[in-house]
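S.K.: Okay, so here is input-v3.cif, and as you'll see once you scroll down, it has mmCIF, C-alpha atoms.
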```cif
data_work
#
loop_
_atom_site.label_atom_id
_atom_site.label_comp_id
_atom_site.auth_asym_id
_atom_site.auth_seq_id
_atom_site.Cartn_x
_atom_site.Cartn_y
_atom_site.Cartn_z
CA ARG H 1 72.75 132.76 297.71
CA LYS H 2 70.75 132.87 294.47
CA GLU H 3 71.27 135.91 292.27
CA VAL H 4 67.54 136.59 292.21
CA GLU H 5 65.23 135.02 294.75
CA GLN H 6 61.46 134.87 294.82
CA ASP H 7 58.85 133.02 296.85
CA PRO H 8 57.42 130.54 294.32
CA GLY H 9 53.94 130.66 295.89
CA PRO H 10 51.27 129.97 294.85
CA PHE H 11 49.54 132.98 296.29
CA ASN H 12 45.80 132.24 296.23
CA VAL H 13 43.77 135.41 296.69
CA PRO H 14 40.11 136.34 296.20
CA GLU H 15 39.11 138.70 293.44
CA GLY H 16 39.42 142.30 294.58
CA ALA H 17 42.21 141.60 297.06
CA THR H 18 45.52 143.43 297.25
CA VAL H 19 48.59 141.24 296.94
CA ALA H 20 52.28 142.00 297.14
CA PHE H 21 55.36 140.09 296.02
CA ASN H 22 58.96 140.71 296.99
CA CYS H 23 62.10 139.71 295.23
CA THR H 24 65.65 139.94 296.56
CA TYR H 25 68.81 140.23 294.51
CA SER H 26 72.37 139.47 295.56
CA ASN H 27 74.46 141.93 293.54
CA SER H 28 74.24 145.36 295.11
CA ALA H 29 75.61 146.97 291.95
CA SER H 30 72.77 145.68 289.75
CA GLN H 31 71.68 148.28 287.25
CA SER H 32 68.05 147.86 286.40
CA PHE H 33 65.02 145.86 287.43
CA PHE H 34 61.87 144.56 285.86
CA TRP H 35 58.75 142.58 286.49
CA TYR H 36 57.71 140.22 283.71
CA ARG H 37 54.48 138.28 283.60
CA GLN H 38 54.26 134.74 282.23
CA ASP H 39 50.93 133.05 281.65
CA CYS H 40 50.73 129.27 281.73
CA ARG H 41 52.54 127.79 278.72
CA LYS H 42 53.14 131.23 277.22
CA GLU H 43 56.14 133.49 276.82
CA PRO H 44 57.19 136.10 279.38
CA LYS H 45 56.01 139.65 278.72
CA LEU H 46 57.27 142.84 280.31
CA LEU H 47 54.84 144.08 282.94
CA MET H 48 56.80 147.06 284.12
CA SER H 49 60.27 148.40 284.69
CA VAL H 50 61.22 149.31 288.24
CA TYR H 51 62.88 152.69 288.64
CA SER H 52 64.65 154.06 291.69
CA SER H 53 61.73 156.37 292.35
CA GLY H 54 59.23 153.54 292.00
CA ASN H 55 56.50 153.54 289.42
CA GLU H 56 52.82 152.91 289.11
CA ASP H 57 50.74 151.68 286.20
CA GLY H 58 47.06 151.45 286.97
CA ARG H 59 46.55 148.77 289.62
CA PHE H 60 50.23 147.83 289.63
CA THR H 61 52.91 149.53 291.71
CA ALA H 62 56.59 148.58 291.70
CA GLN H 63 59.15 149.71 294.26
CA LEU H 64 62.91 149.38 294.52
CA ASN H 65 64.78 149.30 297.83
CA ARG H 66 68.48 149.41 297.04
CA ALA H 67 69.57 149.45 300.69
CA SER H 68 67.86 146.13 301.36
CA GLN H 69 68.33 144.85 297.81
CA TYR H 70 64.76 144.00 297.03
CA ILE H 71 62.05 144.99 294.63
CA SER H 72 58.35 144.64 295.18
CA LEU H 73 55.20 144.43 293.10
CA LEU H 74 51.83 145.44 294.51
CA ILE H 75 48.62 144.52 292.73
CA ARG H 76 45.45 146.23 293.88
CA ASP H 77 41.89 145.10 293.16
CA SER H 78 43.04 141.74 291.78
CA LYS H 79 41.27 140.39 288.72
CA LEU H 80 40.91 136.79 287.59
CA SER H 81 43.01 137.74 284.57
CA ASP H 82 45.92 138.65 286.87
CA SER H 83 46.46 134.92 287.49
CA ALA H 84 49.95 134.22 286.15
CA THR H 85 53.55 133.78 287.21
CA TYR H 86 55.38 137.01 287.95
CA LEU H 87 59.08 136.96 287.15
CA CYS H 88 61.53 139.25 288.87
CA VAL H 89 64.32 140.23 286.49
CA VAL H 90 67.58 142.00 287.25
CA ARG H 91 70.22 143.40 284.94
CA PRO H 92 73.69 143.02 286.50
CA PRO H 93 76.34 145.77 286.59
CA GLY H 94 77.50 147.11 283.26
CA GLY H 95 74.07 147.40 281.68
CA GLY H 96 74.95 144.60 279.32
CA ASN H 97 72.59 142.21 277.60
CA LYS H 98 72.42 139.53 280.27
CA LEU H 99 69.22 139.50 282.30
CA THR H 100 68.99 137.34 285.40
CA PHE H 101 65.55 135.88 286.02
CA GLY H 102 63.98 134.64 289.22
CA THR H 103 62.01 131.42 289.19
CA GLY H 104 58.78 133.38 289.47
CA THR H 105 55.92 133.79 291.92
CA GLN H 106 52.66 132.15 290.97
CA LEU H 107 49.47 134.11 291.60
CA LYS H 108 46.00 132.57 291.46
CA VAL H 109 43.07 134.93 291.76
CA GLU H 110 39.84 133.15 292.64
CA LEU H 111 36.16 134.06 292.65
CA GLU D 1 52.99 139.54 261.09
CA THR D 2 54.19 141.25 264.23
CA GLY D 3 56.48 140.59 267.16
CA VAL D 4 58.67 137.56 267.54
CA THR D 5 57.69 134.24 265.99
CA GLN D 6 59.17 130.80 266.55
CA THR D 7 58.82 127.51 264.70
CA PRO D 8 58.11 124.78 265.38
CA ARG D 9 56.02 125.31 268.48
CA HIS D 10 56.49 121.70 269.57
CA LEU D 11 59.26 119.27 268.71
CA VAL D 12 59.90 115.69 269.72
CA MET D 13 63.24 114.24 268.72
CA GLY D 14 65.44 111.28 269.43
CA MET D 15 68.93 111.62 270.80
CA THR D 16 70.52 110.90 267.42
CA ASN D 17 68.41 113.35 265.41
CA LYS D 18 69.44 116.72 264.04
CA LYS D 19 66.85 119.47 264.08
CA SER D 20 66.73 123.26 263.98
CA LEU D 21 64.64 125.85 265.78
CA LYS D 22 63.81 129.04 263.95
CA CYS D 23 63.10 132.50 265.29
CA GLU D 24 62.09 135.58 263.35
CA GLN D 25 61.54 139.09 264.68
CA HIS D 26 59.49 141.71 262.87
CA LEU D 27 60.36 144.60 265.18
CA GLY D 28 63.44 146.00 263.47
CA HIS D 29 65.58 145.07 266.47
CA ASN D 30 69.34 144.62 266.40
CA ALA D 31 69.81 142.02 269.14
CA MET D 32 68.47 138.49 269.46
CA TYR D 33 68.68 135.93 272.24
CA TRP D 34 68.13 132.24 272.96
CA TYR D 35 66.92 131.21 276.41
CA LYS D 36 66.18 127.83 277.95
CA GLN D 37 63.35 127.44 280.46
CA SER D 38 63.17 124.16 282.35
CA ALA D 39 60.45 123.25 284.82
CA LYS D 40 60.85 124.94 288.22
CA LYS D 41 64.02 126.72 287.07
CA PRO D 42 64.61 130.32 286.05
CA LEU D 43 65.17 131.27 282.44
CA GLU D 44 68.77 130.62 281.44
CA LEU D 45 70.42 132.79 278.82
CA MET D 46 72.15 130.67 276.18
CA PHE D 47 73.32 132.99 273.40
CA VAL D 48 73.19 136.65 272.47
CA TYR D 49 73.62 138.11 269.00
CA SER D 50 74.07 141.77 268.31
CA LEU D 51 74.01 142.90 264.67
CA GLU D 52 74.45 139.27 263.60
CA GLU D 53 77.57 138.83 265.71
CA ARG D 54 77.60 136.49 268.69
CA VAL D 55 78.41 138.53 271.76
CA GLU D 56 77.66 136.02 274.47
CA ASN D 57 77.84 132.27 274.84
CA ASN D 58 76.83 131.22 278.31
CA SER D 59 78.86 128.01 278.55
CA VAL D 60 76.36 126.14 276.41
CA PRO D 61 77.29 122.58 275.29
CA SER D 62 78.38 122.28 271.68
CA ARG D 63 75.38 120.12 270.83
CA PHE D 64 73.56 123.49 270.63
CA SER D 65 74.77 125.58 267.71
CA PRO D 66 73.29 129.03 267.02
CA GLU D 67 73.23 130.81 263.69
CA CYS D 68 72.22 134.36 262.91
CA PRO D 69 72.20 134.98 259.14
CA ASN D 70 70.72 138.48 259.48
CA SER D 71 69.29 140.73 262.17
CA SER D 72 65.76 139.34 261.72
CA HIS D 73 66.48 135.62 261.90
CA LEU D 74 68.01 133.37 264.50
CA PHE D 75 68.39 129.61 264.42
CA LEU D 76 69.33 127.03 267.03
CA HIS D 77 70.72 123.85 265.50
CA LEU D 78 70.38 120.77 267.68
CA HIS D 79 72.26 117.50 267.43
CA THR D 80 72.81 114.50 269.70
CA LEU D 81 70.75 116.03 272.48
CA GLN D 82 70.15 114.43 275.87
CA PRO D 83 66.80 113.89 277.63
CA GLU D 84 67.74 116.61 280.14
CA ASP D 85 67.74 119.09 277.26
CA SER D 86 63.95 118.80 277.13
CA ALA D 87 62.65 122.29 277.92
CA LEU D 88 60.97 125.37 276.50
CA TYR D 89 63.35 127.26 274.23
CA LEU D 90 62.54 130.93 274.01
CA CYS D 91 63.81 133.43 271.52
CA ALA D 92 63.82 137.13 272.34
CA SER D 93 64.84 140.36 270.64
CA SER D 94 65.62 143.87 271.75
CA GLN D 95 66.36 147.13 270.03
CA ARG D 96 70.01 146.91 270.99
CA ALA D 97 72.17 144.56 272.99
CA SER D 98 73.00 146.88 275.86
CA GLY D 99 71.46 149.66 277.87
CA ASN D 100 69.83 149.62 281.25
CA TYR D 101 66.16 149.65 280.31
CA ASN D 102 66.36 147.76 277.08
CA GLU D 103 63.18 145.69 276.90
CA GLN D 104 63.39 142.17 275.54
CA PHE D 105 60.39 140.82 273.61
CA PHE D 106 59.91 137.08 273.68
CA GLY D 107 58.59 134.66 271.13
CA PRO D 108 56.07 131.95 272.09
CA GLY D 109 58.79 129.34 272.46
CA THR D 110 59.45 125.85 271.15
CA ARG D 111 58.60 123.07 273.58
CA LEU D 112 61.27 120.44 272.98
CA THR D 113 61.10 116.85 274.15
CA VAL D 114 64.13 114.62 273.72
CA LEU D 115 63.41 110.91 273.92
#
```
Once you've parsed the file, please lay out its structure as structure tokens.
M.R.:
Amino acid sequence: RKEVEQDPGPFNVPEGATVAFNCTYSNSASQSFFWYRQDCRKEPKLLMSVYSSGNEDGRFTAQLNRASQYISLLIRDSKLSDSATYLCVVRPPGGGNKLTFGTGTQLKVEL
Amino acid sequence: ETGVTQTPRHLVMGMTNKKSLKCEQHLGHNAMYWYKQSAKKPLELMFVYSLEERVENNSVPSRFSPECPNSSHLFLHLHTLQPEDSALYLCASSQRASGNYNEQFFGPGTRLTVL
């Protein structure tokens, strides 16, 4: 089983739609979780951290389900500019410097 | 200049060449990282430096040789590479090298092609 698993997509959605991505992780003792965004041929950038209580930032909501070992990202009212690859990132036990990245889920928002 | 910068942005080299990738961070961070991103694969951590000391080497072949002369600069020296080493090489930095919610900031990457 992969350490971090994501559906590669692409998810093609119309502008204004709500879209959700899930990501599963294999190590139940993983410490912290993130969603990064990577635009085509650009570097990854932190979108949001995922806390145990979940967190929301504008149109973006992230949730953590430790029992089922997955994290989710919900995007409401999708914009064309949301088109990107969304990387699920997990920090393994120990809180060290190694981050484990998923392969990413590609989102395409269309007119 | 702000953030994390990398040079060159693109590099084409033969298998017998020697070249170096450069990374510079202007964020006052203490930790720096090299990652490799190949097509359809997740980012792979190569090396981690904390306060100029290498703290992680993720079983990277010796044809990749990192150097960290100070906390703002990181180099990746390349020699006798293979075509399968063609990838996007990303540098990142963070305030420290540990901690649960320790954000890593990435540079734009060097797209390397080995002929």
S.K.: Write down, as a ChimeraX atom specification, each residue of chain D that has any atom within 8 Å of an atom of chain H, counting all atoms listed in the file.
M.R.: /D:40-45,48,90,97-101,103-109
S.K.: What separation in Å, quoted to one decimal, exists between atom CA of Gln106 of chain H and atom CA of Asn22 of chain H?
M.R.: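 Atom CA of Gln106 of chain H sits 12.2 Å away from atom CA of Asn22 of chain H.
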S.K.: Taking the file as I've supplied it (selection: the PyMOL selection byres ((chain D and resi 64) around 12)), which residues are included? Please answer as a ChimeraX atom specification.
M.R.: /D:18-21,34-36,46-47,57-63,65-67,75-82,85,89
S.K.: Keeping only C-alpha atoms, write the selected residues as a PDB file, keeping the file's coordinate frame.
M.R.:
```
ATOM      1  CA  LYS D  18      69.440 116.720 264.040  1.00  0.00           C
ATOM      2  CA  LYS D  19      66.850 119.470 264.080  1.00  0.00           C
ATOM      3  CA  SER D  20      66.730 123.260 263.980  1.00  0.00           C
ATOM      4  CA  LEU D  21      64.640 125.850 265.780  1.00  0.00           C
ATOM      5  CA  TRP D  34      68.130 132.240 272.960  1.00  0.00           C
ATOM      6  CA  TYR D  35      66.920 131.210 276.410  1.00  0.00           C
ATOM      7  CA  LYS D  36      66.180 127.830 277.950  1.00  0.00           C
ATOM      8  CA  MET D  46      72.150 130.670 276.180  1.00  0.00           C
ATOM      9  CA  PHE D  47      73.320 132.990 273.400  1.00  0.00           C
ATOM     10  CA  ASN D  57      77.840 132.270 274.840  1.00  0.00           C
ATOM     11  CA  ASN D  58      76.830 131.220 278.310  1.00  0.00           C
ATOM     12  CA  SER D  59      78.860 128.010 278.550  1.00  0.00           C
ATOM     13  CA  VAL D  60      76.360 126.140 276.410  1.00  0.00           C
ATOM     14  CA  PRO D  61      77.290 122.580 275.290  1.00  0.00           C
ATOM     15  CA  SER D  62      78.380 122.280 271.680  1.00  0.00           C
ATOM     16  CA  ARG D  63      75.380 120.120 270.830  1.00  0.00           C
ATOM     17  CA  SER D  65      74.770 125.580 267.710  1.00  0.00           C
ATOM     18  CA  PRO D  66      73.290 129.030 267.020  1.00  0.00           C
ATOM     19  CA  GLU D  67      73.230 130.810 263.690  1.00  0.00           C
ATOM     20  CA  PHE D  75      68.390 129.610 264.420  1.00  0.00           C
ATOM     21  CA  LEU D  76      69.330 127.030 267.030  1.00  0.00           C
ATOM     22  CA  HIS D  77      70.720 123.850 265.500  1.00  0.00           C
ATOM     23  CA  LEU D  78      70.380 120.770 267.680  1.00  0.00           C
ATOM     24  CA  HIS D  79      72.260 117.500 267.430  1.00  0.00           C
ATOM     25  CA  THR D  80      72.810 114.500 269.700  1.00  0.00           C
ATOM     26  CA  LEU D  81      70.750 116.030 272.480  1.00  0.00           C
ATOM     27  CA  GLN D  82      70.150 114.430 275.870  1.00  0.00           C
ATOM     28  CA  ASP D  85      67.740 119.090 277.260  1.00  0.00           C
ATOM     29  CA  TYR D  89      63.350 127.260 274.230  1.00  0.00           C
TER      30      TYR D  89
END
```
S.K.: Name all residues at most 12 Å from Ser83 of chain H (count all atoms listed in the file; drop same-chain ones fewer than 6 positions away) and give them as an NGL selection string.
M.R.: :H and (10-15 or 19 or 37-40 or 75 or 105-111)
S.K.: Please save C-alpha atoms of the selected residues as a short mmCIF file (atom, residue, chain, number, x, y, z; two decimals), in the frame of the given file.
M.R.:
```
data_model
loop_
_atom_site.label_atom_id
_atom_site.label_comp_id
_atom_site.auth_asym_id
_atom_site.auth_seq_id
_atom_site.Cartn_x
_atom_site.Cartn_y
_atom_site.Cartn_z
CA PRO H 10 51.27 129.97 294.85
CA PHE H 11 49.54 132.98 296.29
CA ASN H 12 45.80 132.24 296.23
CA VAL H 13 43.77 135.41 296.69
CA PRO H 14 40.11 136.34 296.20
CA GLU H 15 39.11 138.70 293.44
CA VAL H 19 48.59 141.24 296.94
CA ARG H 37 54.48 138.28 283.60
CA GLN H 38 54.26 134.74 282.23
CA ASP H 39 50.93 133.05 281.65
CA CYS H 40 50.73 129.27 281.73
CA ILE H 75 48.62 144.52 292.73
CA THR H 105 55.92 133.79 291.92
CA GLN H 106 52.66 132.15 290.97
CA LEU H 107 49.47 134.11 291.60
CA LYS H 108 46.00 132.57 291.46
CA VAL H 109 43.07 134.93 291.76
CA GLU H 110 39.84 133.15 292.64
CA LEU H 111 36.16 134.06 292.65
#
```
S.K.: Got a sec: who's within 7 Å of Gly16 of chain H, counting all atoms listed in the file, leaving out chain neighbours fewer than 3 positions off, as a ChimeraX atom specification?
M.R.: /H:77-79
S.K.: Pick out the residues sitting within 12 Å of Pro69 of chain D, and hand them over as a list in words; count only C-alpha atoms, and ignore anything fewer than 2 positions along from it in its own chain.
M.R.: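 The filter keeps Lys22, Cys23, Glu24, Met32, Tyr49, Ser50, Leu51, Glu52, Glu53, Arg54, Pro66, Glu67, Ser71, Ser72, His73, Leu74, Phe75 and Leu76 of chain D.
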S.K.: Just give me the gap between atom CA of Gln6 of chain H and atom CA of Ala39 of chain D in Å, one decimal is fine.
M.R.: 15.4 Å
S.K.: To test your reading of the syntax: which residues would the PyMOL selection byres ((chain D and resi 11) around 7) return for the file shown? Reply as JSON, numbers by chain.
M.R.: {"D": [8, 9, 10, 12, 13, 111, 112, 113]}
S.K.: Write a file of the selected residues as a PDB file, in the frame of the given file, keeping C-alpha atoms.
M.R.:
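Full text of selection.pdb as output:
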```
ATOM      1  CA  PRO D   8      58.110 124.780 265.380  1.00  0.00           C
ATOM      2  CA  ARG D   9      56.020 125.310 268.480  1.00  0.00           C
ATOM      3  CA  HIS D  10      56.490 121.700 269.570  1.00  0.00           C
ATOM      4  CA  VAL D  12      59.900 115.690 269.720  1.00  0.00           C
ATOM      5  CA  MET D  13      63.240 114.240 268.720  1.00  0.00           C
ATOM      6  CA  ARG D 111      58.600 123.070 273.580  1.00  0.00           C
ATOM      7  CA  LEU D 112      61.270 120.440 272.980  1.00  0.00           C
ATOM      8  CA  THR D 113      61.100 116.850 274.150  1.00  0.00           C
TER       9      THR D 113
END
```
S.K.: For segment 39-56 of chain H, write N, CA, C and O atoms out as a tab-separated table (two decimals), in the first residue's frame.
M.R.:
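Output contents, as saved in selection.tsv:
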```tsv
chain	number	residue	atom	x	y	z
H	39	ASP	N	0.63	24.44	-9.55
H	39	ASP	CA	0.19	24.81	-10.89
H	39	ASP	C	1.12	24.18	-11.91
H	39	ASP	O	2.27	23.82	-11.59
H	40	CYS	N	0.64	24.09	-13.15
H	40	CYS	CA	1.40	23.43	-14.20
H	40	CYS	C	2.78	24.05	-14.35
H	40	CYS	O	2.93	25.27	-14.49
H	41	ARG	N	3.80	23.23	-14.24
H	41	ARG	CA	5.19	23.63	-14.42
H	41	ARG	C	5.65	24.68	-13.39
H	41	ARG	O	6.55	25.47	-13.64
H	42	LYS	N	5.01	24.66	-12.23
H	42	LYS	CA	5.41	25.56	-11.15
H	42	LYS	C	5.72	24.73	-9.89
H	42	LYS	O	5.52	23.53	-9.87
H	43	GLU	N	6.19	25.43	-8.86
H	43	GLU	CA	6.52	24.73	-7.63
H	43	GLU	C	5.28	24.54	-6.76
H	43	GLU	O	4.31	25.29	-6.87
H	44	PRO	N	5.31	23.56	-5.87
H	44	PRO	CA	4.21	23.39	-4.93
H	44	PRO	C	4.16	24.55	-3.94
H	44	PRO	O	5.20	25.08	-3.53
H	45	LYS	N	2.95	24.92	-3.55
H	45	LYS	CA	2.77	25.96	-2.53
H	45	LYS	C	1.75	25.48	-1.51
H	45	LYS	O	0.76	24.86	-1.88
H	46	LEU	N	2.01	25.78	-0.25
H	46	LEU	CA	1.10	25.34	0.80
H	46	LEU	C	-0.26	26.01	0.62
H	46	LEU	O	-0.37	27.23	0.55
H	47	LEU	N	-1.30	25.18	0.56
H	47	LEU	CA	-2.67	25.69	0.49
H	47	LEU	C	-3.22	25.83	1.90
H	47	LEU	O	-3.70	26.88	2.29
H	48	MET	N	-3.15	24.73	2.64
H	48	MET	CA	-3.58	24.79	4.03
H	48	MET	C	-3.09	23.57	4.80
H	48	MET	O	-2.87	22.51	4.23
H	49	SER	N	-2.90	23.79	6.09
H	49	SER	CA	-2.61	22.67	6.99
H	49	SER	C	-3.93	22.05	7.40
H	49	SER	O	-4.98	22.70	7.34
H	50	VAL	N	-3.89	20.80	7.79
H	50	VAL	CA	-5.11	20.09	8.17
H	50	VAL	C	-4.99	19.71	9.63
H	50	VAL	O	-4.17	18.86	10.00
H	51	TYR	N	-5.79	20.32	10.47
H	51	TYR	CA	-5.74	20.05	11.90
H	51	TYR	C	-6.80	19.03	12.29
H	51	TYR	O	-7.76	18.80	11.55
H	52	SER	N	-6.64	18.47	13.46
H	52	SER	CA	-7.58	17.44	13.92
H	52	SER	C	-9.02	17.96	13.94
H	52	SER	O	-9.96	17.21	13.67
H	53	SER	N	-9.17	19.22	14.23
H	53	SER	CA	-10.51	19.80	14.31
H	53	SER	C	-11.03	20.26	12.95
H	53	SER	O	-12.14	20.77	12.84
H	54	GLY	N	-10.20	20.07	11.93
H	54	GLY	CA	-10.58	20.57	10.60
H	54	GLY	C	-10.34	22.06	10.53
H	54	GLY	O	-10.19	22.73	11.55
H	55	ASN	N	-10.25	22.58	9.35
H	55	ASN	CA	-10.11	24.02	9.22
H	55	ASN	C	-10.64	24.50	7.88
H	55	ASN	O	-10.78	23.74	6.94
H	56	GLU	N	-10.99	25.78	7.90
H	56	GLU	CA	-11.64	26.39	6.74
H	56	GLU	C	-10.92	27.69	6.41
H	56	GLU	O	-10.53	28.45	7.30
```
